Amino acid sequence: MASTPSSFSNTLIDWYHRHQRPLPWRETTNPYAIWLSEIILQQTRVRQGLPYYLKFIERFPTVQDLANAPEDEVLRLWQGLGYYSRARNLHFTAKQVVTEFGGEFPRSYAGLLQLKGVGSYTAAAIASFAYREPVAVLDGNVYRVLARVFGRHENIAAPASKKIFEEIANQQISLDHPDTYNQAIMEFGAIQCTPVAPDCLFCPLQQECFAFQHGLVNVLPVKEKAKSSRHRFFHYLVLQYENKLYLRKRPGNDIWQGLYDFFSLETDTLLPDPALFQGQISETLQIPAVPFSFTGRVYKHILSHQKISAQFHLVTLPFRLREETEESIGLQLYSIDEIEELPKPILIHSFLNEHFF
């Protein structure tokens with residue numbers, strides 16, 4: 001039989017006091033710092049996210065500082081974390097807090113949900129950690145712990161399951177220490193009740209855990225298969241005129257919105273027909289045929305539901321592109337020093353690092 005709410009929460013809190021990792025956002029009740037950490041850690045491991053958190057806190061110590069920053073600077077600091085919509089929402093929300101809430105975060109779960117990019121999980125985290133409001137967090141770690149301990153077979157990826165797990169989570173939360181309990185159950189899922197090879201032998205919930213008692217540790221939680229990935233092939237033209245390179249700011253209807261990359265052509269295969277490829281280049285850039293050289297390496301980058309294979313072709317232009325062409329495609333010449341300061345996809349950064357920086 002599963003634990004009662006008090007025994008379950010007390011066991012987790014006791015475990016947490018012995019095993020918690022020292023992390024800077026756990027040493028504050030500042031809602032800005034807590035919010036910043038939660039946005040950075042969405043879809044990011046703690047080890048990867050920690051340096052970004054420290055950089056953001058150092059550069060933008062207050063929500064006003066972040067709100068006043070140019071978007072390019074925010075994206076540049078975010079470079080390498082992926083899911084760049086999080087960075088744009090982060091910046092938007094900082095401005096929202098300043099303009100609509102006088103620079104102060106709402107002091108309740110319901111109020112926090114008014115902020116852009118703040119869903120139920122993030123609102124619960126801020127409300128409980130900063131204000132000790134007894135509302136349970138529900139992330140992947142929490143789903144896993146609850147599914148295993150309480151023997152829940154619902155598909156955790158299905159929207160209908162969220163309400164079921166929210167009810168269980170809120171039934172178990174410690175009313176006296178909601179902040180510590182929420183930290184505890186997430187930490188427990190991160191380092192004890194892990195997705196693969198959980199440490200069941202030394203688990204304090206072993207006797208109460210349905211999955212352990214029934215041999216279902218490797219079955220629970222139930223989660224639907226991930227969507228199949230789309231494979232895309234990019235051919236970047238690294239257009240160089242004198243000592244500068246042409247880059248463009250990516251539009252908002254595709255991946256890497258707001259980041260900078262080179263002019264590119266997307267093809268159905270990794271090796272397009274050379275004549276057709278040259279024709280596309282000449283027609284799009286409105287220039288006669290120019291020699292270009294393949295750099296000799298295919299760069300690969302994996303996104304959540306996309307696989308990118310990219311080739312880079314160096315083109316030395318004997319003349320500058322026509323002004324109308326630059327404007328229509330959105331290309332602009334930048335020096336190498338200027339390019340270093342632009343926010344770029346990690347794939348572009350890697351190429352530049354090898355050939356120009």
# chains A, B, ... in the order shown; residues from 1 in each chain; ligands from 1
$ closest_atom_pairs --of "segment 79-144 of chain A" --to "segment 47-61 of chain A" --cutoff "10 Å" --atoms "only C-alpha atoms" --output "tab-separated table"
residue	atom	partner	partner_atom	distance
A:Gln79	CA	A:Tyr52	CA	9.3
A:Gly80	CA	A:Tyr52	CA	9.5
A:Leu81	CA	A:Gly49	CA	7.7
$ write_last_selection --atoms "all heavy atoms" --output "JSON list (two decimals), in the first residue's frame"
[["chain", "number", "residue", "atom", "x", "y", "z"],
["A", 79, "GLN", "N", 22.88, 31.43, -26.33],
["A", 79, "GLN", "CA", 23.41, 30.61, -27.41],
["A", 79, "GLN", "C", 23.96, 29.27, -26.91],
["A", 79, "GLN", "O", 24.78, 29.23, -26.00],
["A", 79, "GLN", "CB", 24.53, 31.38, -28.12],
["A", 79, "GLN", "CG", 25.12, 30.68, -29.32],
["A", 79, "GLN", "CD", 26.11, 31.57, -30.04],
["A", 79, "GLN", "OE1", 25.74, 32.65, -30.52],
["A", 79, "GLN", "NE2", 27.36, 31.16, -30.09],
["A", 80, "GLY", "N", 23.47, 28.18, -27.51],
["A", 80, "GLY", "CA", 23.91, 26.84, -27.13],
["A", 80, "GLY", "C", 22.90, 26.08, -26.31],
["A", 80, "GLY", "O", 22.97, 24.86, -26.20],
["A", 81, "LEU", "N", 21.92, 26.79, -25.72],
["A", 81, "LEU", "CA", 20.90, 26.11, -24.91],
["A", 81, "LEU", "C", 19.77, 25.52, -25.75],
["A", 81, "LEU", "O", 19.08, 24.62, -25.31],
["A", 81, "LEU", "CB", 20.30, 27.08, -23.88],
["A", 81, "LEU", "CG", 20.93, 27.10, -22.49],
["A", 81, "LEU", "CD1", 20.19, 28.09, -21.60],
["A", 81, "LEU", "CD2", 20.90, 25.71, -21.85]]
$ closest_residue --among "A:His17, A:Glu326, A:His349, A:Ser264" --to "Gln280 of chain A" --atoms "only C-alpha atoms"
A:Ser264
$ residues_around --residues "Ile255 of chain A" --least-positions-apart "2" --cutoff "12 Å" --atoms "only C-alpha atoms" --output "NGL selection string"
:A and (82-85 or 232 or 249-253 or 257-261 or 302-308 or 344-345)
$ closest_residue --among "A:Ile287, A:Leu265, A:Val145, A:Leu216" --to "Ala184 of chain A" --atoms "only C-alpha atoms"
A:Val145
$ closest_residue --among "A:Ala275, A:Pro204, A:Ser282, A:Val238" --to "Arg18 of chain A" --atoms "only C-alpha atoms"
A:Pro204
$ residues_around --residues "Leu175 of chain A" --least-positions-apart "6" --cutoff "12 Å" --atoms "only C-alpha atoms" --output "ChimeraX atom specification"
/A:5-6,9-10,128,132-136,181-182
$ closest_residue --among "A:Ser335, A:Thr284, A:Gln64, A:Gln20" --to "Phe357 of chain A" --atoms "only C-alpha atoms"
A:Ser335
$ residues_around --residues "Asp337 of chain A" --least-positions-apart "5" --cutoff "12 Å" --atoms "only C-alpha atoms" --output "list in words"
Asn243, Lys244, Leu245, Leu342, Leu352, Phe356 and Phe357 of chain A
$ select_by_dssp --residues "segment 119-242 of chain A" --states "helix (DSSP H, G or I)" --output "ChimeraX atom specification"
/A:120-131,140-150,159-172,178-191,206-208,210-213
$ write_last_selection --atoms "C-alpha atoms" --output "CSV table (one decimal), in the first residue's frame"
chain,number,residue,atom,x,y,z
A,120,SER,CA,1.4,25.6,-14.3
A,121,TYR,CA,4.8,24.0,-13.5
A,122,THR,CA,6.8,27.2,-13.4
A,123,ALA,CA,4.0,29.0,-11.6
A,124,ALA,CA,3.9,26.3,-8.9
A,125,ALA,CA,7.7,26.3,-8.5
A,126,ILE,CA,7.8,30.1,-8.0
A,127,ALA,CA,4.8,30.2,-5.8
A,128,SER,CA,6.1,27.4,-3.5
A,129,PHE,CA,9.8,28.3,-3.5
A,130,ALA,CA,9.4,32.1,-3.1
A,131,TYR,CA,6.0,32.4,-1.2
A,140,GLY,CA,9.1,14.8,-15.7
A,141,ASN,CA,10.8,13.8,-12.5
A,142,VAL,CA,7.7,14.1,-10.5
A,143,TYR,CA,5.6,12.2,-13.0
A,144,ARG,CA,8.1,9.3,-12.8
A,145,VAL,CA,8.2,9.2,-9.0
A,146,LEU,CA,4.4,9.3,-8.6
A,147,ALA,CA,3.7,6.8,-11.4
A,148,ARG,CA,6.1,4.3,-9.8
A,149,VAL,CA,5.2,4.8,-6.2
A,150,PHE,CA,1.5,4.9,-6.7
A,159,PRO,CA,-3.1,15.8,-21.8
A,160,ALA,CA,-5.9,14.0,-19.9
A,161,SER,CA,-3.3,12.4,-17.6
A,162,LYS,CA,-2.1,15.8,-16.3
A,163,LYS,CA,-5.1,16.4,-14.1
A,164,ILE,CA,-4.8,12.9,-12.6
A,165,PHE,CA,-1.2,13.4,-11.6
A,166,GLU,CA,-1.9,17.0,-10.4
A,167,GLU,CA,-4.5,15.6,-8.0
A,168,ILE,CA,-2.1,13.0,-6.6
A,169,ALA,CA,0.7,15.5,-6.3
A,170,ASN,CA,-1.4,18.1,-4.5
A,171,GLN,CA,-2.7,15.3,-2.1
A,172,GLN,CA,0.9,14.5,-1.2
A,178,PRO,CA,5.6,23.0,0.4
A,179,ASP,CA,8.9,24.6,-0.8
A,180,THR,CA,11.1,21.9,0.6
A,181,TYR,CA,8.7,19.1,-0.5
A,182,ASN,CA,8.6,20.3,-4.1
A,183,GLN,CA,12.4,20.6,-4.2
A,184,ALA,CA,12.7,17.1,-2.6
A,185,ILE,CA,10.4,15.2,-5.1
A,186,MET,CA,12.1,16.8,-8.1
A,187,GLU,CA,15.6,16.0,-6.7
A,188,PHE,CA,14.5,12.5,-5.8
A,189,GLY,CA,13.5,11.9,-9.4
A,190,ALA,CA,16.7,13.5,-10.7
A,191,ILE,CA,19.2,11.5,-8.7
A,206,GLN,CA,11.1,0.8,-1.5
A,207,GLN,CA,8.5,-0.9,0.7
A,208,GLU,CA,5.7,1.5,-0.4
A,210,PHE,CA,4.1,-0.2,-6.3
A,211,ALA,CA,6.5,-0.5,-9.2
A,212,PHE,CA,9.3,-2.0,-7.1
A,213,GLN,CA,6.9,-4.5,-5.4
$ residues_around --residues "segment 295-301 of chain A" --least-positions-apart "2" --cutoff "8 Å" --atoms "only C-alpha atoms" --output "mmCIF file with N, CA and C atoms, in the first residue's frame"
data_model
loop_
_atom_site.group_PDB
_atom_site.id
_atom_site.type_symbol
_atom_site.label_atom_id
_atom_site.label_comp_id
_atom_site.auth_asym_id
_atom_site.auth_seq_id
_atom_site.Cartn_x
_atom_site.Cartn_y
_atom_site.Cartn_z
ATOM 1 N N SER A 293 33.498 26.812 -53.047
ATOM 2 C CA SER A 293 34.225 25.612 -52.614
ATOM 3 C C SER A 293 33.585 25.045 -51.357
ATOM 4 N N LEU A 303 17.618 18.660 -33.257
ATOM 5 C CA LEU A 303 16.629 19.409 -32.496
ATOM 6 C C LEU A 303 15.584 18.428 -31.977
ATOM 7 N N LYS A 307 16.283 16.775 -37.594
ATOM 8 C CA LYS A 307 17.712 16.517 -37.730
ATOM 9 C C LYS A 307 18.233 17.396 -38.863
ATOM 10 N N ILE A 308 19.239 18.178 -38.561
ATOM 11 C CA ILE A 308 19.795 19.093 -39.549
ATOM 12 C C ILE A 308 21.146 18.558 -40.018
ATOM 13 N N SER A 309 21.321 18.457 -41.331
ATOM 14 C CA SER A 309 22.633 18.196 -41.929
ATOM 15 C C SER A 309 22.979 19.422 -42.757
ATOM 16 N N ALA A 310 24.126 20.011 -42.498
ATOM 17 C CA ALA A 310 24.476 21.271 -43.153
ATOM 18 C C ALA A 310 25.859 21.196 -43.792
ATOM 19 N N GLN A 311 25.937 21.725 -44.986
ATOM 20 C CA GLN A 311 27.215 21.897 -45.667
ATOM 21 C C GLN A 311 27.459 23.396 -45.853
ATOM 22 N N PHE A 312 28.718 23.784 -45.786
ATOM 23 C CA PHE A 312 29.087 25.187 -45.956
ATOM 24 C C PHE A 312 29.947 25.332 -47.205
ATOM 25 N N HIS A 313 29.596 26.333 -48.028
ATOM 26 C CA HIS A 313 30.294 26.577 -49.282
ATOM 27 C C HIS A 313 30.859 27.990 -49.252
ATOM 28 N N LEU A 314 32.151 28.101 -49.386
ATOM 29 C CA LEU A 314 32.800 29.401 -49.351
ATOM 30 C C LEU A 314 32.708 30.082 -50.709
ATOM 31 N N LEU A 347 25.331 25.495 -34.455
ATOM 32 C CA LEU A 347 25.892 24.932 -35.682
ATOM 33 C C LEU A 347 26.701 25.996 -36.433
#
$ atom_distance --atom1 "atom CA of Glu104 of chain A" --atom2 "atom CA of Leu138 of chain A"
24.7 Å
$ atom_distance --atom1 "atom CA of Phe262 of chain A" --atom2 "atom CA of Tyr236 of chain A"
5.9 Å
